[in-house]
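Enquirer: This is start_13.cif, which holds mmCIF, C-alpha atoms:
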```
data_upload
loop_
_atom_site.label_atom_id
_atom_site.label_comp_id
_atom_site.auth_asym_id
_atom_site.auth_seq_id
_atom_site.Cartn_x
_atom_site.Cartn_y
_atom_site.Cartn_z
CA MET A 1 -14.11 51.87 -63.38
CA PHE A 2 -14.66 48.67 -61.38
CA GLU A 3 -11.66 46.99 -63.05
CA LYS A 4 -9.44 49.98 -62.25
CA LEU A 5 -10.51 49.89 -58.59
CA GLN A 6 -9.99 46.12 -58.44
CA LYS A 7 -6.50 46.52 -59.96
CA SER A 8 -5.61 49.22 -57.41
CA LEU A 9 -6.79 47.05 -54.52
CA SER A 10 -4.84 44.13 -55.89
CA GLN A 11 -1.65 46.22 -56.01
CA ILE A 12 -2.19 47.45 -52.45
CA ARG A 13 -2.80 43.90 -51.21
CA HIS A 14 0.34 42.69 -53.01
CA LYS A 15 2.43 45.45 -51.38
CA ILE A 16 1.08 44.66 -47.91
CA LEU A 17 1.58 40.91 -48.25
CA ALA A 18 5.03 41.35 -49.79
CA ARG A 19 6.31 43.23 -46.74
CA LYS A 20 8.19 41.06 -44.34
CA PRO A 21 8.21 41.95 -40.67
CA ASP A 22 11.29 43.86 -39.60
CA LEU A 23 12.82 41.58 -37.00
CA GLU A 24 16.21 43.26 -36.98
CA TYR A 25 15.56 44.47 -33.44
CA LEU A 26 15.56 40.83 -32.31
CA ASP A 27 19.11 40.48 -33.56
CA GLN A 28 20.06 43.36 -31.30
CA GLN A 29 18.47 41.79 -28.22
CA ASP A 30 20.13 39.29 -25.92
CA LEU A 31 17.13 37.12 -25.12
CA SER A 32 19.06 35.11 -22.55
CA ARG A 33 19.28 38.05 -20.14
CA PHE A 34 17.08 38.24 -17.07
CA SER A 35 17.21 42.04 -16.91
CA GLU A 36 18.34 44.94 -19.05
CA GLN A 37 21.10 45.65 -16.55
CA ASP A 38 23.40 43.28 -14.71
CA ILE A 39 22.18 42.18 -11.29
CA VAL A 40 25.04 41.85 -8.81
CA LEU A 41 23.88 40.31 -5.55
CA GLU A 42 26.37 40.66 -2.72
CA SER A 43 24.41 39.95 0.45
CA GLU A 44 21.86 37.49 1.75
CA LYS A 45 19.32 40.32 1.97
CA GLN A 46 19.81 41.17 -1.72
CA ILE A 47 19.57 37.49 -2.66
CA GLN A 48 16.31 37.12 -0.72
CA LYS A 49 14.89 40.25 -2.34
CA TYR A 50 15.93 39.97 -6.00
CA LEU A 51 16.78 36.36 -6.78
CA PRO A 52 13.26 34.86 -6.51
CA GLU A 53 12.05 36.85 -9.53
CA VAL A 54 15.04 35.81 -11.62
CA LEU A 55 14.73 32.17 -10.61
CA GLY A 56 11.00 32.30 -11.35
CA GLN A 57 11.85 33.38 -14.90
CA ALA A 58 14.41 30.60 -15.17
CA LEU A 59 11.98 27.97 -13.88
CA ALA A 60 9.27 29.13 -16.27
CA ARG A 61 11.68 28.90 -19.15
CA THR A 62 12.68 25.34 -18.21
CA TRP A 63 9.06 24.34 -18.81
CA ILE A 64 9.07 25.55 -22.41
CA ASP A 65 12.69 25.38 -23.57
CA LYS A 66 14.38 21.96 -23.51
CA ARG A 67 17.83 23.38 -24.31
CA PHE A 68 17.53 25.88 -21.47
CA LEU A 69 16.31 23.08 -19.16
CA ASP A 70 19.36 20.95 -19.97
CA ALA A 71 21.78 23.85 -19.53
CA PHE A 72 20.18 25.10 -16.31
CA TYR A 73 20.11 21.57 -14.88
CA GLU A 74 23.86 21.14 -15.43
CA TYR A 75 25.13 24.70 -14.96
CA PRO A 76 22.67 26.91 -13.04
CA VAL A 77 25.22 29.46 -11.76
CA GLU A 78 26.83 29.81 -15.19
CA VAL A 79 23.43 30.24 -16.88
CA LEU A 80 22.58 32.96 -14.37
CA GLU A 81 25.90 34.69 -15.03
CA ARG A 82 25.38 34.55 -18.79
CA GLY A 83 21.98 36.09 -18.13
CA GLY A 84 23.58 38.96 -16.22
CA VAL A 85 22.98 37.75 -12.65
CA TYR A 86 26.02 37.46 -10.41
CA LEU A 87 26.13 35.75 -7.03
CA PRO A 88 28.86 35.68 -4.37
CA ASP A 89 31.34 32.81 -4.64
CA SER A 90 29.99 31.45 -1.36
CA VAL A 91 26.56 30.83 -2.91
CA SER A 92 25.63 27.73 -4.90
CA VAL A 93 22.49 26.92 -6.87
CA GLU A 94 20.98 23.49 -7.44
CA PHE A 95 18.26 22.74 -9.95
CA LYS A 96 16.29 19.59 -9.25
CA LYS A 97 13.80 17.88 -11.52
CA GLU A 98 12.70 14.54 -10.17
CA LYS A 99 10.21 12.26 -11.85
CA ASP A 100 6.60 13.38 -11.35
CA GLN A 101 7.76 16.37 -9.30
CA ARG A 102 7.74 20.05 -10.15
CA PRO A 103 11.20 21.40 -10.94
CA LYS A 104 12.72 23.45 -8.15
CA VAL A 105 15.74 25.60 -7.48
CA ILE A 106 17.55 25.61 -4.16
CA VAL A 107 20.05 28.33 -3.27
CA TYR A 108 22.65 27.59 -0.60
CA GLU A 109 25.23 29.60 1.23
CA ASN A 110 28.29 27.39 1.46
CA GLU A 111 30.00 27.53 4.78
CA LYS A 112 33.23 25.71 5.62
CA LYS A 113 31.90 22.16 5.73
CA SER A 114 28.17 22.69 5.42
CA LYS A 115 25.48 24.34 3.35
CA ARG A 116 22.76 26.64 4.61
CA LYS A 117 19.59 26.91 2.55
CA LEU A 118 18.77 30.50 1.60
CA LEU A 119 15.93 29.94 -0.87
CA GLU A 120 13.88 27.16 -2.38
CA LEU A 121 11.57 27.93 -5.27
CA LYS A 122 9.25 25.97 -7.48
CA LEU A 123 6.66 27.12 -9.96
CA VAL A 124 3.10 25.99 -9.60
CA MET A 125 0.56 26.45 -12.36
CA VAL A 126 -2.91 27.34 -11.20
CA ALA A 127 -5.96 27.15 -13.44
CA GLU A 128 -8.80 29.48 -12.55
CA GLN A 129 -12.31 29.76 -13.89
#
```
Can the structure in the file be given as structure tokens, please?

Expert:
Amino acid sequence: MFEKLQKSLSQIRHKILARKPDLEYLDQQDLSRFSEQDIVLESEKQIQKYLPEVLGQALARTWIDKRFLDAFYEYPVEVLERGGVYLPDSVSVEFKKEKDQRPKVIVYENEKKSKRKLLELKLVMVAEQ
């Protein structure tokens, strides 16, 4: 009786361990997107309201993903567009990472011969007890 029970448990354990997780849903996800839907920002008010959350996600990802850091450093507007976030042509984005400084993102509205700062964001980690 004990051997039969042990054999049954062994078969169950083998079936459970043999199952591989079904990760097919990951293949169907675009993990580079910032939102399920495109975010089209057309005004300064919309930029002030919605862009900080998106840029916070981007900054957080630069801390943990070297490839994303390199791409966002060189092509921040294009990375945002690939992630489903669209800005007016008059808006530019700069990503700055200086030695011993926290990375930051600055958003400008480009006027004829000058730039006007709309946003400046940087992530700060806080440890609490």

Enquirer: Which distance in Å separates CA of Phe95 in chain A and CA of Ala58 in chain A, to one decimal?

Expert: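 Separating CA of Phe95 in chain A from CA of Ala58 in chain A is a distance of 10.2 Å.
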
Enquirer: With all atoms of range 29-45 of chain A from the file as input, state the centre and edge lengths in Å to one decimal of the axis-aligned box that has 8 Å extra on each side, as AutoDock Vina command-line options.

Expert:
```
--center_x 21.7 --center_y 40.4 --center_z -13.1 --size_x 25.3 --size_y 26.5 --size_z 46.2
```

Enquirer: Quick one: distance from CA of Glu81 in chain A to CA of Gln37 in chain A in Å, one decimal?

Expert: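 Computing it gives 12.1 Å between the two atoms.
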
Enquirer: Counting all atoms listed in the file, which residues of range 9-113 of chain A sit at most 12 Å from some atom of range 119-127 of chain A, and what is each one's closest atom pair with its distance in Å to one decimal, listed by chain and rising residue number, as CSV?

Expert:
```
residue,atom,partner,partner_atom,distance
A:Glu44,CA,A:Leu119,CA,10.0
A:Lys45,CA,A:Leu119,CA,11.3
A:Gln46,CA,A:Leu119,CA,11.9
A:Ile47,CA,A:Leu119,CA,8.6
A:Gln48,CA,A:Leu119,CA,7.2
A:Lys49,CA,A:Leu119,CA,10.5
A:Tyr50,CA,A:Leu119,CA,11.3
A:Leu51,CA,A:Leu119,CA,8.8
A:Pro52,CA,A:Leu121,CA,7.2
A:Glu53,CA,A:Leu121,CA,9.9
A:Val54,CA,A:Leu121,CA,10.7
A:Leu55,CA,A:Leu121,CA,7.5
A:Gly56,CA,A:Leu123,CA,6.9
A:Gln57,CA,A:Leu123,CA,9.5
A:Ala58,CA,A:Leu123,CA,10.0
A:Leu59,CA,A:Leu123,CA,6.7
A:Ala60,CA,A:Leu123,CA,7.1
A:Arg61,CA,A:Leu123,CA,10.6
A:Thr62,CA,A:Leu123,CA,10.4
A:Trp63,CA,A:Leu123,CA,9.6
A:Val91,CA,A:Leu119,CA,10.9
A:Ser92,CA,A:Leu119,CA,10.7
A:Val93,CA,A:Leu119,CA,9.4
A:Glu94,CA,A:Glu120,CA,9.5
A:Phe95,CA,A:Leu121,CA,9.7
A:Lys96,CA,A:Lys122,CA,9.7
A:Lys97,CA,A:Lys122,CA,10.1
A:Gln101,CA,A:Lys122,CA,9.9
A:Arg102,CA,A:Lys122,CA,6.7
A:Pro103,CA,A:Lys122,CA,6.1
A:Lys104,CA,A:Lys122,CA,4.3
A:Val105,CA,A:Leu121,CA,5.3
A:Ile106,CA,A:Glu120,CA,4.4
A:Val107,CA,A:Leu119,CA,5.0
A:Tyr108,CA,A:Leu119,CA,7.1
A:Glu109,CA,A:Leu119,CA,9.5
```

Enquirer: Output C-alpha atoms for every residue in that selection, as a short mmCIF file (atom, residue, chain, number, x, y, z; two decimals), in the coordinates of the input.

Expert:
```cif
data_model
loop_
_atom_site.label_atom_id
_atom_site.label_comp_id
_atom_site.auth_asym_id
_atom_site.auth_seq_id
_atom_site.Cartn_x
_atom_site.Cartn_y
_atom_site.Cartn_z
CA GLU A 44 21.86 37.49 1.75
CA LYS A 45 19.32 40.32 1.97
CA GLN A 46 19.81 41.17 -1.72
CA ILE A 47 19.57 37.49 -2.66
CA GLN A 48 16.31 37.12 -0.72
CA LYS A 49 14.89 40.25 -2.34
CA TYR A 50 15.93 39.97 -6.00
CA LEU A 51 16.78 36.36 -6.78
CA PRO A 52 13.26 34.86 -6.51
CA GLU A 53 12.05 36.85 -9.53
CA VAL A 54 15.04 35.81 -11.62
CA LEU A 55 14.73 32.17 -10.61
CA GLY A 56 11.00 32.30 -11.35
CA GLN A 57 11.85 33.38 -14.90
CA ALA A 58 14.41 30.60 -15.17
CA LEU A 59 11.98 27.97 -13.88
CA ALA A 60 9.27 29.13 -16.27
CA ARG A 61 11.68 28.90 -19.15
CA THR A 62 12.68 25.34 -18.21
CA TRP A 63 9.06 24.34 -18.81
CA VAL A 91 26.56 30.83 -2.91
CA SER A 92 25.63 27.73 -4.90
CA VAL A 93 22.49 26.92 -6.87
CA GLU A 94 20.98 23.49 -7.44
CA PHE A 95 18.26 22.74 -9.95
CA LYS A 96 16.29 19.59 -9.25
CA LYS A 97 13.80 17.88 -11.52
CA GLN A 101 7.76 16.37 -9.30
CA ARG A 102 7.74 20.05 -10.15
CA PRO A 103 11.20 21.40 -10.94
CA LYS A 104 12.72 23.45 -8.15
CA VAL A 105 15.74 25.60 -7.48
CA ILE A 106 17.55 25.61 -4.16
CA VAL A 107 20.05 28.33 -3.27
CA TYR A 108 22.65 27.59 -0.60
CA GLU A 109 25.23 29.60 1.23
#
```

Enquirer: Report, in Å to a single decimal, how far apart CA of Leu118 in chain A and CA of Leu41 in chain A are.

Expert: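 It comes out at 13.2 Å.
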
Enquirer: Could you check which residues have any atom within 12 Å of (23.6, 32.4, -19.5), counting only C-alpha atoms with coordinates taken straight from the file, and then list them as a VMD selection string?

Expert: chain A and resid 30 to 35 38 58 67 to 69 71 to 72 74 to 86
